[in-house]
$ cat upload.cif   # mmCIF, C-alpha atoms
data_upload
loop_
_atom_site.group_PDB
_atom_site.id
_atom_site.type_symbol
_atom_site.label_atom_id
_atom_site.label_comp_id
_atom_site.auth_asym_id
_atom_site.auth_seq_id
_atom_site.Cartn_x
_atom_site.Cartn_y
_atom_site.Cartn_z
ATOM 1 C CA GLN S 612 -12.904 -26.007 -5.015
ATOM 2 C CA VAL S 613 -12.045 -22.650 -3.446
ATOM 3 C CA GLN S 614 -11.294 -19.528 -5.443
ATOM 4 C CA LEU S 615 -9.771 -16.372 -3.992
ATOM 5 C CA VAL S 616 -10.049 -12.996 -5.681
ATOM 6 C CA GLU S 617 -7.976 -10.083 -4.404
ATOM 7 C CA THR S 618 -8.677 -6.424 -5.061
ATOM 8 C CA GLY S 619 -7.373 -3.107 -3.820
ATOM 9 C CA GLY S 620 -3.751 -2.935 -4.833
ATOM 10 C CA GLY S 621 -2.208 0.063 -6.524
ATOM 11 C CA LEU S 622 0.286 2.881 -6.345
ATOM 12 C CA VAL S 623 0.454 4.957 -3.188
ATOM 13 C CA GLN S 624 2.854 7.523 -1.822
ATOM 14 C CA PRO S 625 4.963 6.829 1.262
ATOM 15 C CA GLY S 626 2.874 7.411 4.365
ATOM 16 C CA GLY S 627 -0.319 6.621 2.519
ATOM 17 C CA SER S 628 -2.907 3.924 3.034
ATOM 18 C CA LEU S 629 -4.478 1.085 1.079
ATOM 19 C CA THR S 630 -6.947 -1.632 1.910
ATOM 20 C CA LEU S 631 -6.765 -5.012 0.208
ATOM 21 C CA SER S 632 -9.746 -7.330 -0.018
ATOM 22 C CA CYS S 633 -9.888 -11.058 -0.691
ATOM 23 C CA ALA S 634 -13.184 -12.766 -1.401
ATOM 24 C CA ALA S 635 -13.338 -16.540 -1.188
ATOM 25 C CA SER S 636 -15.847 -18.695 -2.973
ATOM 26 C CA GLY S 637 -16.893 -22.073 -1.628
ATOM 27 C CA SER S 638 -18.573 -23.458 1.435
ATOM 28 C CA GLY S 639 -17.318 -23.740 4.959
ATOM 29 C CA ILE S 640 -14.735 -20.999 4.505
ATOM 30 C CA SER S 641 -15.224 -19.558 7.962
ATOM 31 C CA ILE S 642 -13.557 -22.482 9.734
ATOM 32 C CA TYR S 643 -10.181 -21.942 8.082
ATOM 33 C CA THR S 644 -7.344 -19.544 8.679
ATOM 34 C CA MET S 645 -6.988 -16.861 6.031
ATOM 35 C CA GLY S 646 -4.311 -14.288 5.504
ATOM 36 C CA TRP S 647 -1.823 -12.526 3.302
ATOM 37 C CA TYR S 648 1.688 -13.205 2.114
ATOM 38 C CA ARG S 649 3.800 -10.821 0.103
ATOM 39 C CA GLN S 650 6.772 -11.229 -2.163
ATOM 40 C CA ALA S 651 9.007 -8.578 -3.629
ATOM 41 C CA PRO S 652 11.357 -9.233 -6.569
ATOM 42 C CA GLY S 653 14.480 -10.981 -5.396
ATOM 43 C CA LYS S 654 13.154 -11.487 -1.877
ATOM 44 C CA GLN S 655 11.681 -14.413 -0.012
ATOM 45 C CA ARG S 656 7.967 -14.715 0.482
ATOM 46 C CA GLU S 657 6.895 -13.198 3.789
ATOM 47 C CA LEU S 658 3.824 -13.920 5.875
ATOM 48 C CA VAL S 659 2.268 -10.507 6.431
ATOM 49 C CA ALA S 660 -0.768 -11.338 8.545
ATOM 50 C CA ALA S 661 -3.184 -14.155 9.293
ATOM 51 C CA ILE S 662 -6.523 -14.501 11.040
ATOM 52 C CA THR S 663 -7.985 -17.716 12.389
ATOM 53 C CA SER S 664 -11.567 -18.894 12.404
ATOM 54 C CA GLY S 665 -11.816 -17.586 15.952
ATOM 55 C CA GLY S 666 -10.490 -14.179 15.036
ATOM 56 C CA SER S 667 -6.989 -14.527 16.456
ATOM 57 C CA THR S 668 -4.440 -12.575 14.459
ATOM 58 C CA ASN S 669 -0.705 -12.547 13.941
ATOM 59 C CA TYR S 670 1.508 -10.145 12.050
ATOM 60 C CA ALA S 671 4.998 -9.904 10.701
ATOM 61 C CA ASP S 672 7.135 -7.705 12.918
ATOM 62 C CA SER S 673 7.711 -5.399 9.968
ATOM 63 C CA VAL S 674 4.020 -4.468 9.766
ATOM 64 C CA LYS S 675 2.896 -4.521 13.384
ATOM 65 C CA GLY S 676 1.153 -1.312 14.335
ATOM 66 C CA ARG S 677 0.650 -0.330 10.693
ATOM 67 C CA PHE S 678 -1.401 -3.159 9.162
ATOM 68 C CA THR S 679 -4.678 -4.622 10.394
ATOM 69 C CA ILE S 680 -6.221 -7.855 9.198
ATOM 70 C CA SER S 681 -9.924 -8.511 9.584
ATOM 71 C CA ARG S 682 -12.576 -10.743 8.095
ATOM 72 C CA VAL S 683 -16.312 -10.728 7.513
ATOM 73 C CA TYR S 684 -17.385 -14.311 7.907
ATOM 74 C CA ALA S 685 -20.765 -13.843 6.264
ATOM 75 C CA LYS S 686 -19.032 -12.569 3.121
ATOM 76 C CA ASN S 687 -16.103 -15.034 3.180
ATOM 77 C CA THR S 688 -13.898 -11.983 2.837
ATOM 78 C CA VAL S 689 -10.639 -11.011 4.498
ATOM 79 C CA TYR S 690 -9.233 -7.487 4.499
ATOM 80 C CA LEU S 691 -5.794 -6.042 5.003
ATOM 81 C CA GLN S 692 -5.817 -2.410 6.020
ATOM 82 C CA MET S 693 -2.390 -0.891 5.454
ATOM 83 C CA LYS S 694 -1.369 2.461 6.880
ATOM 84 C CA SER S 695 1.858 4.432 7.020
ATOM 85 C CA LEU S 696 3.070 2.573 3.976
ATOM 86 C CA LYS S 697 6.777 2.487 3.255
ATOM 87 C CA PRO S 698 8.675 1.821 0.019
ATOM 88 C CA GLU S 699 9.780 -1.497 1.498
ATOM 89 C CA ASP S 700 6.130 -2.583 1.588
ATOM 90 C CA THR S 701 6.213 -2.705 -2.204
ATOM 91 C CA ALA S 702 5.429 -6.274 -3.253
ATOM 92 C CA GLY S 703 2.883 -8.607 -4.728
ATOM 93 C CA TYR S 704 0.335 -9.436 -2.038
ATOM 94 C CA TYR S 705 -1.264 -12.862 -2.098
ATOM 95 C CA CYS S 706 -4.310 -13.977 -0.173
ATOM 96 C CA PHE S 707 -4.432 -17.530 1.122
ATOM 97 C CA ILE S 708 -6.721 -19.935 2.890
ATOM 98 C CA ARG S 709 -4.970 -22.603 4.863
ATOM 99 C CA ASP S 710 -5.400 -26.270 5.686
ATOM 100 C CA THR S 711 -8.608 -27.124 3.891
ATOM 101 C CA PRO S 712 -9.153 -30.842 3.213
ATOM 102 C CA GLN S 713 -7.952 -30.124 -0.333
ATOM 103 C CA GLY S 714 -4.906 -28.206 0.910
ATOM 104 C CA ASP S 715 -4.017 -24.519 0.773
ATOM 105 C CA TYR S 716 -5.431 -22.109 -1.783
ATOM 106 C CA TRP S 717 -3.943 -18.892 -3.128
ATOM 107 C CA GLY S 718 -5.217 -15.864 -4.926
ATOM 108 C CA GLN S 719 -3.697 -14.483 -8.110
ATOM 109 C CA GLY S 720 -2.050 -11.635 -6.249
ATOM 110 C CA THR S 721 -2.371 -7.877 -6.289
ATOM 111 C CA GLN S 722 0.500 -5.441 -6.657
ATOM 112 C CA VAL S 723 1.177 -2.773 -4.066
ATOM 113 C CA THR S 724 3.710 -0.117 -5.015
ATOM 114 C CA VAL S 725 4.775 2.540 -2.527
ATOM 115 C CA SER S 726 6.634 5.314 -4.276
ATOM 116 C CA SER S 727 6.722 9.058 -4.574
#
$ encode --input "upload.cif" --output "structure tokens"
Amino acid sequence: QVQLVETGGGLVQPGGSLTLSCAASGSGISIYTMGWYRQAPGKQRELVAAITSGGSTNYADSVKGRFTISRVYAKNTVYLQMKSLKPEDTAGYYCFIRDTPQGDYWGQGTQVTVSS
């Protein structure tokens, strides 16, 4: 069983920065892709960023150049560094780990609100 715990959300002004963290419990985490989705009220869920076991990354076009995903394999932790935040980045952000033998796992989510 894998558990994901996200931290780091909050309220930030436009142009500000936040870093989200997601710590995964369980063994063998490093071989799976991890990442972040977000969902705003009334909008579809959006893949924000993902990072593979080999360190390859991909980003939504809307966040390229502003967000950076990284992971520390020894800590089973993935980070999402967000800069130049915009009001449209406001959403619940959900960490995931993909394609384990038991399926995908999700965190409980952390709210990011960008507002002046």
$ resolve_selection --input "upload.cif" --expression "the PyMOL selection byres ((chain S and resi 688) around 12)" --output "PyMOL selection string"
chain S and resi 614-618+631-637+640-641+643-646+662+680-687+689-691+706-708
$ closest_residue --input "upload.cif" --among "S:Tyr704, S:Leu622, S:Gln655, S:Tyr648" --to "S:Tyr670" --atoms "all atoms listed in the file"
S:Tyr648
$ closest_residue --input "upload.cif" --among "S:Gly703, S:Gly626, S:Arg677, S:Arg656" --to "S:Gln722" --atoms "only C-alpha atoms"
S:Gly703
$ closest_residue --input "upload.cif" --among "S:Glu657, S:Asp672, S:Asp715, S:Asp700" --to "S:Val623" --atoms "all atoms listed in the file"
S:Asp700
$ atom_distance --input "upload.cif" --atom1 "atom CA of S:Met693" --atom2 "atom CA of S:Ala651"
16.5 Å
$ closest_residue --input "upload.cif" --among "S:Gly676, S:Gly714, S:Gly639, S:Gly621" --to "S:Thr701" --atoms "all atoms listed in the file"
S:Gly621
$ closest_residue --input "upload.cif" --among "S:Thr630, S:Gln624, S:Thr668, S:Thr711" --to "S:Ile642" --atoms "only C-alpha atoms"
S:Thr711
$ atom_distance --input "upload.cif" --atom1 "atom CA of S:Gly653" --atom2 "atom CA of S:Asp710"
27.4 Å
$ atom_distance --input "upload.cif" --atom1 "atom CA of S:Glu699" --atom2 "atom CA of S:Thr679"
17.3 Å
$ axis_aligned_box --input "upload.cif" --around "stretch 686-702 of chain S" --padding-each-side "8 Å" --output "AutoDock Vina command-line options"
--center_x -4.6 --center_y -5.3 --center_z 1.9 --size_x 44.8 --size_y 35.5 --size_z 26.3
$ closest_residue --input "upload.cif" --among "S:Gly627, S:Arg649, S:Phe678, S:Ser638" --to "S:Thr721" --atoms "only C-alpha atoms"
S:Arg649
$ resolve_selection --input "upload.cif" --expression "the PyMOL selection byres ((chain S and resi 726) around 6)" --output "list of chain:residue names"
S:Gln624, S:Pro625, S:Pro698, S:Val725, S:Ser727
$ build_atoms --input "upload.cif" --residues "stretch 648-659 of chain S" --atoms "all heavy atoms" --output "mmCIF file, in the frame of the given file"
data_model
loop_
_atom_site.group_PDB
_atom_site.id
_atom_site.type_symbol
_atom_site.label_atom_id
_atom_site.label_comp_id
_atom_site.auth_asym_id
_atom_site.auth_seq_id
_atom_site.Cartn_x
_atom_site.Cartn_y
_atom_site.Cartn_z
ATOM 1 N N TYR S 648 0.258 -13.178 2.287
ATOM 2 C CA TYR S 648 1.688 -13.205 2.114
ATOM 3 C C TYR S 648 2.056 -12.081 1.148
ATOM 4 O O TYR S 648 1.209 -11.577 0.420
ATOM 5 C CB TYR S 648 2.139 -14.531 1.497
ATOM 6 C CG TYR S 648 2.372 -15.645 2.478
ATOM 7 C CD1 TYR S 648 1.328 -16.482 2.863
ATOM 8 C CD2 TYR S 648 3.640 -15.895 2.998
ATOM 9 C CE1 TYR S 648 1.540 -17.529 3.752
ATOM 10 C CE2 TYR S 648 3.866 -16.937 3.883
ATOM 11 C CZ TYR S 648 2.804 -17.741 4.255
ATOM 12 O OH TYR S 648 3.014 -18.779 5.140
ATOM 13 N N ARG S 649 3.301 -11.728 1.135
ATOM 14 C CA ARG S 649 3.800 -10.821 0.103
ATOM 15 C C ARG S 649 5.158 -11.298 -0.380
ATOM 16 O O ARG S 649 5.888 -11.991 0.336
ATOM 17 C CB ARG S 649 3.880 -9.382 0.613
ATOM 18 C CG ARG S 649 4.924 -9.128 1.689
ATOM 19 C CD ARG S 649 4.825 -7.689 2.179
ATOM 20 N NE ARG S 649 5.808 -7.399 3.223
ATOM 21 C CZ ARG S 649 5.866 -6.273 3.903
ATOM 22 N NH1 ARG S 649 4.991 -5.285 3.658
ATOM 23 N NH2 ARG S 649 6.796 -6.088 4.827
ATOM 24 N N GLN S 650 5.470 -10.893 -1.598
ATOM 25 C CA GLN S 650 6.772 -11.229 -2.163
ATOM 26 C C GLN S 650 7.212 -10.107 -3.066
ATOM 27 O O GLN S 650 6.492 -9.710 -3.998
ATOM 28 C CB GLN S 650 6.730 -12.550 -2.927
ATOM 29 C CG GLN S 650 8.106 -13.012 -3.363
ATOM 30 C CD GLN S 650 8.129 -14.471 -3.754
ATOM 31 O OE1 GLN S 650 7.106 -15.046 -4.123
ATOM 32 N NE2 GLN S 650 9.293 -15.079 -3.661
ATOM 33 N N ALA S 651 8.393 -9.606 -2.790
ATOM 34 C CA ALA S 651 9.007 -8.578 -3.629
ATOM 35 C C ALA S 651 10.047 -9.245 -4.526
ATOM 36 O O ALA S 651 10.589 -10.303 -4.169
ATOM 37 C CB ALA S 651 9.650 -7.515 -2.757
ATOM 38 N N PRO S 652 10.348 -8.652 -5.666
ATOM 39 C CA PRO S 652 11.357 -9.233 -6.569
ATOM 40 C C PRO S 652 12.673 -9.457 -5.851
ATOM 41 O O PRO S 652 13.182 -8.573 -5.164
ATOM 42 C CB PRO S 652 11.489 -8.181 -7.666
ATOM 43 C CG PRO S 652 10.175 -7.481 -7.671
ATOM 44 C CD PRO S 652 9.741 -7.444 -6.241
ATOM 45 N N GLY S 653 13.198 -10.665 -5.989
ATOM 46 C CA GLY S 653 14.480 -10.981 -5.396
ATOM 47 C C GLY S 653 14.456 -11.248 -3.911
ATOM 48 O O GLY S 653 15.501 -11.457 -3.298
ATOM 49 N N LYS S 654 13.266 -11.261 -3.314
ATOM 50 C CA LYS S 654 13.154 -11.487 -1.877
ATOM 51 C C LYS S 654 12.302 -12.714 -1.602
ATOM 52 O O LYS S 654 11.510 -13.145 -2.438
ATOM 53 C CB LYS S 654 12.551 -10.263 -1.189
ATOM 54 C CG LYS S 654 13.431 -9.025 -1.244
ATOM 55 C CD LYS S 654 12.867 -7.914 -0.386
ATOM 56 C CE LYS S 654 13.778 -6.705 -0.366
ATOM 57 N NZ LYS S 654 13.234 -5.614 0.491
ATOM 58 N N GLN S 655 12.479 -13.252 -0.402
ATOM 59 C CA GLN S 655 11.681 -14.413 -0.012
ATOM 60 C C GLN S 655 10.240 -13.992 0.290
ATOM 61 O O GLN S 655 9.971 -12.855 0.676
ATOM 62 C CB GLN S 655 12.287 -15.063 1.229
ATOM 63 C CG GLN S 655 13.566 -15.835 0.951
ATOM 64 C CD GLN S 655 13.996 -16.680 2.144
ATOM 65 O OE1 GLN S 655 13.736 -16.322 3.284
ATOM 66 N NE2 GLN S 655 14.630 -17.809 1.860
ATOM 67 N N ARG S 656 9.357 -14.940 0.119
ATOM 68 C CA ARG S 656 7.967 -14.715 0.482
ATOM 69 C C ARG S 656 7.873 -14.496 1.986
ATOM 70 O O ARG S 656 8.530 -15.172 2.763
ATOM 71 C CB ARG S 656 7.126 -15.921 0.068
ATOM 72 C CG ARG S 656 5.633 -15.750 0.241
ATOM 73 C CD ARG S 656 4.909 -16.988 -0.227
ATOM 74 N NE ARG S 656 5.216 -18.151 0.589
ATOM 75 C CZ ARG S 656 4.694 -19.358 0.392
ATOM 76 N NH1 ARG S 656 3.867 -19.537 -0.617
ATOM 77 N NH2 ARG S 656 5.006 -20.355 1.177
ATOM 78 N N GLU S 657 7.037 -13.561 2.376
ATOM 79 C CA GLU S 657 6.895 -13.198 3.789
ATOM 80 C C GLU S 657 5.435 -13.280 4.207
ATOM 81 O O GLU S 657 4.566 -12.727 3.506
ATOM 82 C CB GLU S 657 7.420 -11.771 4.004
ATOM 83 C CG GLU S 657 7.256 -11.246 5.423
ATOM 84 C CD GLU S 657 7.649 -9.780 5.552
ATOM 85 O OE1 GLU S 657 7.532 -9.023 4.569
ATOM 86 O OE2 GLU S 657 8.069 -9.400 6.664
ATOM 87 N N LEU S 658 5.165 -13.935 5.318
ATOM 88 C CA LEU S 658 3.824 -13.920 5.875
ATOM 89 C C LEU S 658 3.571 -12.544 6.466
ATOM 90 O O LEU S 658 4.281 -12.119 7.375
ATOM 91 C CB LEU S 658 3.660 -14.991 6.941
ATOM 92 C CG LEU S 658 2.315 -15.001 7.665
ATOM 93 C CD1 LEU S 658 1.172 -15.305 6.711
ATOM 94 C CD2 LEU S 658 2.341 -15.999 8.818
ATOM 95 N N VAL S 659 2.576 -11.859 5.967
ATOM 96 C CA VAL S 659 2.268 -10.507 6.431
ATOM 97 C C VAL S 659 1.325 -10.559 7.624
ATOM 98 O O VAL S 659 1.590 -9.954 8.665
ATOM 99 C CB VAL S 659 1.626 -9.677 5.303
ATOM 100 C CG1 VAL S 659 1.267 -8.284 5.810
ATOM 101 C CG2 VAL S 659 2.560 -9.589 4.114
#
